$ cat coords_13.txt   # compact mmCIF, C-alpha atoms
# COMPACT_ATOMS: atom_id res chain seq x y z
CA MET A 915 118.61 107.73 70.31
CA THR A 916 119.71 106.02 73.50
CA LYS A 917 116.21 106.35 74.94
CA GLU A 918 114.64 104.79 71.84
CA LEU A 919 117.12 101.89 71.95
CA LEU A 920 116.41 101.36 75.63
CA ASP A 921 112.68 101.39 74.97
CA GLN A 922 113.09 98.78 72.25
CA ILE A 923 115.17 96.55 74.55
CA LEU A 924 112.64 96.89 77.35
CA SER A 925 109.70 96.26 75.06
CA LYS A 926 107.66 93.17 75.78
CA GLU A 927 108.67 91.66 72.43
CA ILE A 928 112.32 91.58 73.56
CA ILE A 929 112.31 91.31 77.33
CA GLY A 930 109.24 89.04 77.45
CA PRO A 931 110.76 86.00 75.71
CA VAL A 932 113.98 86.44 77.69
CA ILE A 933 112.09 86.40 80.99
CA VAL A 934 110.01 83.39 79.88
CA VAL A 935 113.06 81.35 78.83
CA ALA A 936 115.11 82.34 81.89
CA GLY A 937 112.21 81.56 84.19
CA SER A 938 111.70 78.16 82.58
CA ILE A 939 115.38 77.29 82.88
CA LEU A 940 115.35 78.24 86.55
CA LEU A 941 112.12 76.34 87.17
CA TYR A 942 113.44 73.27 85.35
CA GLY A 943 116.60 73.29 87.47
CA ILE A 944 114.61 73.51 90.71
CA LEU A 945 112.14 70.79 89.70
CA LYS A 946 114.94 68.52 88.48
CA ARG A 947 116.73 68.82 91.81
CA ILE A 948 113.51 68.09 93.71
CA ILE A 949 112.77 65.04 91.53
CA LYS A 950 116.29 63.64 91.97
CA ARG A 951 116.10 64.06 95.74
CA MET A 952 112.61 62.54 95.90
CA PHE A 953 113.57 59.46 93.86
CA HIS A 954 116.85 59.11 95.74
CA LEU A 955 114.93 58.85 99.01
CA ASN A 956 112.13 56.61 97.72
CA LEU A 957 114.31 54.28 95.69
CA ALA A 958 116.81 53.41 98.40
CA GLY A 959 117.99 49.87 97.71
CA ILE A 960 116.85 49.88 94.08
CA ASP A 961 119.46 49.41 91.34
CA VAL A 962 121.25 52.72 90.67
CA ARG A 963 120.87 52.36 86.90
CA LYS A 964 117.12 51.90 87.23
CA ASN A 965 116.98 54.95 89.50
CA LYS A 966 118.78 57.07 86.90
CA THR A 967 116.52 55.74 84.14
CA VAL A 968 113.35 56.76 85.95
CA VAL A 969 114.71 60.19 86.89
CA GLY A 970 115.87 60.79 83.31
CA LEU A 971 112.49 59.85 81.84
CA VAL A 972 110.57 62.08 84.24
CA CYS A 973 112.93 65.01 83.67
CA ASN A 974 112.69 64.63 79.88
CA VAL A 975 108.90 64.66 79.97
CA MET A 976 108.99 67.75 82.18
CA LYS A 977 111.55 69.48 79.93
CA TYR A 978 109.55 69.01 76.74
CA LEU A 979 106.39 70.13 78.48
CA LEU A 980 108.11 73.36 79.57
CA ILE A 981 109.43 73.91 76.02
CA VAL A 982 105.92 73.60 74.57
CA ILE A 983 104.55 76.02 77.18
CA ASP A 984 107.38 78.49 76.48
CA ILE A 985 106.71 78.44 72.73
CA LEU A 986 103.01 79.09 73.27
CA VAL A 987 103.69 81.95 75.71
CA ILE A 988 106.25 83.59 73.42
CA LEU A 989 103.92 83.34 70.42
CA ALA A 990 101.21 84.96 72.51
CA ILE A 991 103.61 87.80 73.38
CA TYR A 992 104.14 88.46 69.66
CA GLY A 993 100.39 88.58 69.12
CA VAL A 994 99.91 85.15 67.60
CA ASP A 995 96.55 83.58 68.38
CA THR A 996 97.53 80.37 70.14
CA LYS A 997 94.02 79.08 70.69
CA GLY A 998 94.02 77.24 67.37
CA ILE A 999 97.45 75.78 68.10
CA VAL A 1000 96.35 74.62 71.54
CA ALA A 1001 93.21 73.09 70.05
CA SER A 1002 95.30 71.26 67.42
CA LEU A 1003 97.69 70.01 70.06
CA GLY A 1004 94.73 68.83 72.08
CA VAL A 1005 93.35 66.83 69.17
CA VAL A 1006 96.76 65.33 68.38
CA GLY A 1007 97.28 64.54 72.06
CA VAL A 1008 93.95 62.79 72.30
CA VAL A 1009 94.65 60.67 69.21
CA VAL A 1010 98.14 59.73 70.39
CA GLY A 1011 96.89 59.12 73.92
CA LEU A 1012 94.19 56.75 72.71
CA ALA A 1013 96.67 54.89 70.53
CA ILE A 1014 99.22 54.31 73.28
CA GLN A 1015 97.06 54.49 76.41
CA ASP A 1016 97.95 50.95 77.50
CA THR A 1017 101.65 51.70 77.13
CA LEU A 1018 101.26 54.92 79.12
CA LYS A 1019 99.40 53.01 81.85
CA ASP A 1020 102.24 50.48 81.98
CA PHE A 1021 104.80 53.30 82.11
CA PHE A 1022 103.18 55.20 84.96
CA SER A 1023 102.38 51.99 86.86
CA GLY A 1024 106.06 51.03 86.57
CA ILE A 1025 107.09 54.41 87.98
CA PHE A 1026 104.71 54.00 90.93
CA ILE A 1027 105.98 50.47 91.62
CA LEU A 1028 109.55 51.77 91.68
CA SER A 1029 108.88 54.93 93.66
CA GLU A 1030 106.79 53.12 96.29
CA ASP A 1031 109.29 50.24 96.45
CA GLN A 1032 106.49 47.68 96.23
CA TYR A 1033 109.01 45.03 95.19
CA ARG A 1034 112.42 44.74 93.58
CA VAL A 1035 114.44 42.21 91.62
CA GLY A 1036 115.11 39.19 93.83
CA ASP A 1037 111.98 39.57 95.96
CA TRP A 1038 109.62 36.62 96.38
CA ILE A 1039 106.11 37.83 95.56
CA LYS A 1040 102.60 36.68 94.67
CA ILE A 1041 100.54 38.42 91.97
CA GLY A 1042 97.09 36.96 91.59
CA ASP A 1043 97.54 33.18 91.74
CA PHE A 1044 101.15 33.23 90.53
CA LYS A 1045 103.95 33.05 93.06
CA GLY A 1046 107.65 33.36 92.39
CA GLU A 1047 110.82 35.45 92.33
CA VAL A 1048 111.03 38.81 90.54
CA VAL A 1049 113.69 38.36 87.84
CA TYR A 1050 113.00 41.55 85.88
CA LEU A 1051 111.37 44.86 86.77
CA GLY A 1052 110.85 47.35 83.97
CA LEU A 1053 108.69 50.37 83.32
CA LYS A 1054 106.40 48.29 81.09
CA THR A 1055 106.47 44.71 82.39
CA THR A 1056 107.41 42.61 85.39
CA ARG A 1057 108.74 39.07 85.05
CA VAL A 1058 108.19 36.57 87.85
CA LYS A 1059 109.82 33.13 87.92
CA ALA A 1060 108.12 30.28 89.79
CA TYR A 1061 110.26 27.79 91.74
CA THR A 1062 109.42 25.19 89.06
CA GLY A 1063 111.00 27.37 86.37
CA GLU A 1064 108.01 28.99 84.63
CA ILE A 1065 108.39 32.71 83.94
CA LYS A 1066 105.28 34.88 83.78
CA MET A 1067 105.45 38.31 82.13
CA ILE A 1068 102.86 40.71 83.55
CA SER A 1069 102.00 44.19 82.26
CA ASN A 1070 102.50 46.70 85.05
CA ARG A 1071 99.01 48.15 84.54
CA ASN A 1072 97.51 44.78 85.49
CA ILE A 1073 99.38 44.61 88.79
CA THR A 1074 96.87 45.91 91.34
CA GLU A 1075 97.58 43.74 94.40
CA VAL A 1076 100.93 42.27 95.40
CA ILE A 1077 101.94 40.04 98.30
CA ASN A 1078 105.66 40.54 99.03
CA TYR A 1079 107.22 37.78 101.09
CA SER A 1080 110.64 39.45 101.16
CA LYS A 1081 109.73 42.67 102.96
CA ASP A 1082 110.01 41.28 106.47
CA ASP A 1083 111.14 38.24 108.41
CA SER A 1084 109.43 34.92 107.72
CA LEU A 1085 108.22 32.47 110.36
CA ALA A 1086 109.13 28.79 110.39
CA ILE A 1087 106.41 26.66 112.02
CA VAL A 1088 106.88 22.97 112.80
CA ASP A 1089 104.12 20.84 114.35
CA VAL A 1090 104.99 17.41 115.70
CA THR A 1091 102.56 14.80 117.01
CA THR A 1092 103.34 12.36 119.84
CA ASN A 1093 101.46 9.45 121.36
CA TYR A 1094 99.07 10.09 124.23
CA ASN A 1095 100.94 7.64 126.42
CA GLU A 1096 104.19 9.63 126.19
CA SER A 1097 105.18 11.86 129.10
CA THR A 1098 104.36 15.50 128.36
CA GLU A 1099 107.12 16.70 130.69
CA LYS A 1100 109.70 14.51 128.98
CA ILE A 1101 108.71 15.73 125.50
CA GLU A 1102 108.81 19.36 126.57
CA GLN A 1103 112.24 18.87 128.15
CA VAL A 1104 113.64 17.18 125.04
CA LEU A 1105 112.19 19.82 122.69
CA THR A 1106 113.35 22.69 124.91
CA GLU A 1107 116.94 21.42 124.92
CA LEU A 1108 116.75 20.86 121.17
CA CYS A 1109 115.48 24.43 120.63
CA ARG A 1110 118.45 25.84 122.57
CA ARG A 1111 120.89 23.86 120.44
CA LEU A 1112 119.22 24.68 117.13
CA SER A 1113 119.18 28.38 118.02
CA ARG A 1114 122.98 28.25 117.96
CA GLU A 1115 123.45 25.92 114.99
CA LEU A 1116 120.81 26.64 112.34
CA PRO A 1117 121.55 29.18 109.59
CA ASN A 1118 119.27 32.00 108.36
CA LEU A 1119 117.65 32.61 111.76
CA ARG A 1120 116.42 36.00 112.99
CA GLY A 1121 115.64 34.88 116.53
CA LYS A 1122 115.62 31.94 118.91
CA VAL A 1123 113.93 28.61 118.21
CA GLU A 1124 111.03 28.41 120.66
CA LEU A 1125 108.74 25.66 121.89
CA LEU A 1126 105.21 27.06 122.13
CA GLY A 1127 103.86 23.94 123.81
CA ILE A 1128 100.77 21.86 123.12
CA THR A 1129 98.65 23.27 120.30
CA ALA A 1130 96.10 20.49 119.76
CA LEU A 1131 94.76 17.24 121.16
CA GLY A 1132 94.04 15.31 118.00
CA GLU A 1133 92.72 11.89 117.11
CA ASP A 1134 96.20 10.52 116.56
CA GLY A 1135 98.04 12.19 119.43
CA VAL A 1136 99.22 15.38 121.11
CA ASP A 1137 100.52 18.18 118.85
CA PHE A 1138 103.50 20.32 119.91
CA ARG A 1139 104.60 23.42 117.98
CA VAL A 1140 108.09 24.84 117.46
CA THR A 1141 108.59 28.24 115.79
CA VAL A 1142 111.43 30.61 114.85
CA ALA A 1143 111.76 33.83 112.85
CA THR A 1144 113.95 33.44 109.76
CA GLU A 1145 115.36 35.59 107.02
CA PRO A 1146 112.76 36.35 104.31
CA THR A 1147 111.65 33.22 102.37
CA MET A 1148 114.10 30.99 104.31
CA GLN A 1149 111.42 29.40 106.50
CA TYR A 1150 110.92 26.28 104.38
CA GLY A 1151 114.53 25.17 104.55
CA VAL A 1152 114.65 25.86 108.29
CA GLU A 1153 111.46 23.85 108.85
CA ARG A 1154 112.98 20.85 107.05
CA MET A 1155 116.10 20.98 109.24
CA ILE A 1156 114.04 21.29 112.44
CA ARG A 1157 111.90 18.27 111.50
CA LYS A 1158 115.02 16.22 110.80
CA GLU A 1159 116.53 17.09 114.17
CA ILE A 1160 113.26 16.41 116.03
CA LYS A 1161 113.04 12.94 114.50
CA LYS A 1162 116.63 12.19 115.54
CA GLU A 1163 116.04 13.43 119.10
CA PHE A 1164 112.80 11.47 119.48
CA ALA A 1165 114.50 8.31 118.26
CA GLN A 1166 117.36 8.86 120.69
CA HIS A 1167 114.98 9.35 123.64
CA ASN A 1168 112.54 6.59 122.58
CA ILE A 1169 109.67 8.99 121.99
CA ASN A 1170 107.20 7.53 119.51
CA ILE A 1171 105.62 9.48 116.71
CA PRO A 1172 102.19 7.95 115.96
CA TYR A 1173 101.26 6.73 112.52
CA ARG A 1174 98.03 5.36 111.16
CA GLN A 1175 97.67 1.59 111.02
CA MET A 1176 95.17 -0.44 109.05
CA VAL A 1177 93.92 -3.76 110.43
CA ILE A 1178 92.52 -6.19 107.83
CA HIS A 1179 90.38 -9.09 109.04
CA ASN A 1180 90.39 -12.09 106.71
CA GLY A 1181 87.11 -13.81 107.30
$ encode --input "coords_13.txt" --output "structure tokens"
Amino acid sequence: MTKELLDQILSKEIIGPVIVVAGSILLYGILKRIIKRMFHLNLAGIDVRKNKTVVGLVCNVMKYLLIVIDILVILAIYGVDTKGIVASLGVVGVVVGLAIQDTLKDFFSGIFILSEDQYRVGDWIKIGDFKGEVVYLGLKTTRVKAYTGEIKMISNRNITEVINYSKDDSLAIVDVTTNYNESTEKIEQVLTELCRRLSRELPNLRGKVELLGITALGEDGVDFRVTVATEPTMQYGVERMIRKEIKKEFAQHNINIPYRQMVIHNG
């Protein structure tokens, strides 16, 4: 009697489903831990709620996939022909996939954008010909706001190339033209002293303001260039402040900035 009971318990109809379910639970736990660790490393700096959303979606998809596989394996253990079921699931999957393929493309593209940290909310980016700040980043769409206020909503599947201006330091470049009859040594001395002062006073800098020297001998005069590394996307404001200070210094030291003049002869 005991032997018969033991044989029944150890039969594949009893022990098989138990092993399948236990194995799936163990596998799900391992994969879930790996996915959480992977996304935690890749999504450093991304909003915590968005991180949890992505991890939850991936884990749910994986869980339901394991449940479907478990059901098919257990049915096969009990002698049920699962080929017809698999074929039916395949047909249903194809129909559903065709119906929502664009949505699925958006979804997976959104996951890749997040996992690869291509950009995040607050970054200044350029997609195609549209340039602006990322104000929303979802698994289906990305919203970018131009500095003039327009907001463009872009499906994630259509985002193939992105220029991110917020990933690294920006570079402020200021070119100033002086008359040919001005002393080069005097201009360089004035600009060098100005660069030292601005390096201490200007905000949003990531380095020292530097005078590169003469960059061009143009029709109107001699071009000098001043550069400095700034915080991402802060270069435009820094350039405006540098130009203002250069104009003040040139006026104080009687250095002329050339301008075009038109002579009209009245015959």
$ residues_around --input "coords_13.txt" --residues "range 1061-1065 of chain A" --least-positions-apart "3" --cutoff "9 Å" --atoms "only C-alpha atoms" --output "list in words"
Lys1045, Gly1046, Glu1047, Val1049, Arg1057 and Val1058 of chain A
$ atom_distance --input "coords_13.txt" --atom1 "CA of Tyr1150 in chain A" --atom2 "CA of Ile1039 in chain A"
15.3 Å
$ atom_distance --input "coords_13.txt" --atom1 "CA of Arg1071 in chain A" --atom2 "CA of Met976 in chain A"
22.1 Å
$ atom_distance --input "coords_13.txt" --atom1 "CA of Thr1144 in chain A" --atom2 "CA of Glu1107 in chain A"
19.6 Å
$ residues_around --input "coords_13.txt" --residues "range 941-946 of chain A" --least-positions-apart "6" --cutoff "9 Å" --atoms "all atoms listed in the file" --output "mmCIF file with C-alpha atoms, in the coordinates of the input"
data_model
loop_
_atom_site.group_PDB
_atom_site.id
_atom_site.type_symbol
_atom_site.label_atom_id
_atom_site.label_comp_id
_atom_site.auth_asym_id
_atom_site.auth_seq_id
_atom_site.Cartn_x
_atom_site.Cartn_y
_atom_site.Cartn_z
ATOM 1 C CA VAL A 969 114.710 60.190 86.890
ATOM 2 C CA VAL A 972 110.570 62.080 84.240
ATOM 3 C CA CYS A 973 112.930 65.010 83.670
ATOM 4 C CA MET A 976 108.990 67.750 82.180
ATOM 5 C CA LYS A 977 111.550 69.480 79.930
ATOM 6 C CA LEU A 980 108.110 73.360 79.570
#
$ residues_around --input "coords_13.txt" --residues "Lys1054 in chain A" --least-positions-apart "3" --cutoff "9 Å" --atoms "all atoms listed in the file" --output "list in words"
Thr1017, Leu1018, Lys1019, Asp1020, Phe1021, Phe1022, Ser1023, Gly1024, Leu1051, Ile1068, Ser1069, Asn1070 and Arg1071 of chain A
$ residues_around --input "coords_13.txt" --residues "Leu1112 in chain A" --least-positions-apart "4" --cutoff "10 Å" --atoms "only C-alpha atoms" --output "JSON list (two decimals) with C-alpha atoms, in the coordinates of the input"
[["chain", "number", "residue", "atom", "x", "y", "z"],
["A", 1106, "THR", "CA", 113.35, 22.69, 124.91],
["A", 1107, "GLU", "CA", 116.94, 21.42, 124.92],
["A", 1108, "LEU", "CA", 116.75, 20.86, 121.17],
["A", 1116, "LEU", "CA", 120.81, 26.64, 112.34],
["A", 1117, "PRO", "CA", 121.55, 29.18, 109.59],
["A", 1119, "LEU", "CA", 117.65, 32.61, 111.76],
["A", 1122, "LYS", "CA", 115.62, 31.94, 118.91],
["A", 1123, "VAL", "CA", 113.93, 28.61, 118.21],
["A", 1124, "GLU", "CA", 111.03, 28.41, 120.66],
["A", 1155, "MET", "CA", 116.10, 20.98, 109.24],
["A", 1156, "ILE", "CA", 114.04, 21.29, 112.44],
["A", 1159, "GLU", "CA", 116.53, 17.09, 114.17]]
$ build_atoms --input "coords_13.txt" --residues "range 1141-1157 of chain A" --atoms "N, CA and C atoms" --output "short mmCIF file (atom, residue, chain, number, x, y, z; two decimals), in the frame of the given file"
data_model
loop_
_atom_site.label_atom_id
_atom_site.label_comp_id
_atom_site.auth_asym_id
_atom_site.auth_seq_id
_atom_site.Cartn_x
_atom_site.Cartn_y
_atom_site.Cartn_z
N THR A 1141 108.54 27.14 116.76
CA THR A 1141 108.59 28.24 115.79
C THR A 1141 109.92 29.00 115.91
N VAL A 1142 110.26 29.72 114.84
CA VAL A 1142 111.43 30.61 114.85
C VAL A 1142 111.31 31.59 113.69
N ALA A 1143 111.71 32.83 113.91
CA ALA A 1143 111.76 33.83 112.85
C ALA A 1143 113.01 33.60 112.01
N THR A 1144 112.83 33.68 110.67
CA THR A 1144 113.95 33.44 109.76
C THR A 1144 114.12 34.64 108.82
N GLU A 1145 115.19 34.61 108.08
CA GLU A 1145 115.36 35.59 107.02
C GLU A 1145 114.24 35.40 105.99
N PRO A 1146 113.88 36.46 105.25
CA PRO A 1146 112.76 36.35 104.31
C PRO A 1146 112.90 35.15 103.38
N THR A 1147 111.81 34.39 103.26
CA THR A 1147 111.65 33.22 102.37
C THR A 1147 112.55 32.04 102.75
N MET A 1148 113.23 32.09 103.89
CA MET A 1148 114.10 30.99 104.31
C MET A 1148 113.40 30.00 105.24
N GLN A 1149 112.10 30.21 105.49
CA GLN A 1149 111.42 29.40 106.50
C GLN A 1149 111.29 27.93 106.09
N TYR A 1150 111.14 27.66 104.80
CA TYR A 1150 110.92 26.28 104.38
C TYR A 1150 112.14 25.40 104.62
N GLY A 1151 113.30 25.93 104.29
CA GLY A 1151 114.53 25.17 104.55
C GLY A 1151 114.77 24.96 106.03
N VAL A 1152 114.49 25.98 106.84
CA VAL A 1152 114.65 25.86 108.29
C VAL A 1152 113.69 24.84 108.86
N GLU A 1153 112.45 24.84 108.37
CA GLU A 1153 111.46 23.85 108.85
C GLU A 1153 111.93 22.44 108.57
N ARG A 1154 112.51 22.20 107.38
CA ARG A 1154 112.98 20.85 107.05
C ARG A 1154 114.09 20.41 108.01
N MET A 1155 115.00 21.33 108.33
CA MET A 1155 116.10 20.98 109.24
C MET A 1155 115.59 20.72 110.65
N ILE A 1156 114.60 21.49 111.10
CA ILE A 1156 114.04 21.29 112.44
C ILE A 1156 113.36 19.92 112.52
N ARG A 1157 112.58 19.57 111.50
CA ARG A 1157 111.90 18.27 111.50
C ARG A 1157 112.91 17.11 111.56
#
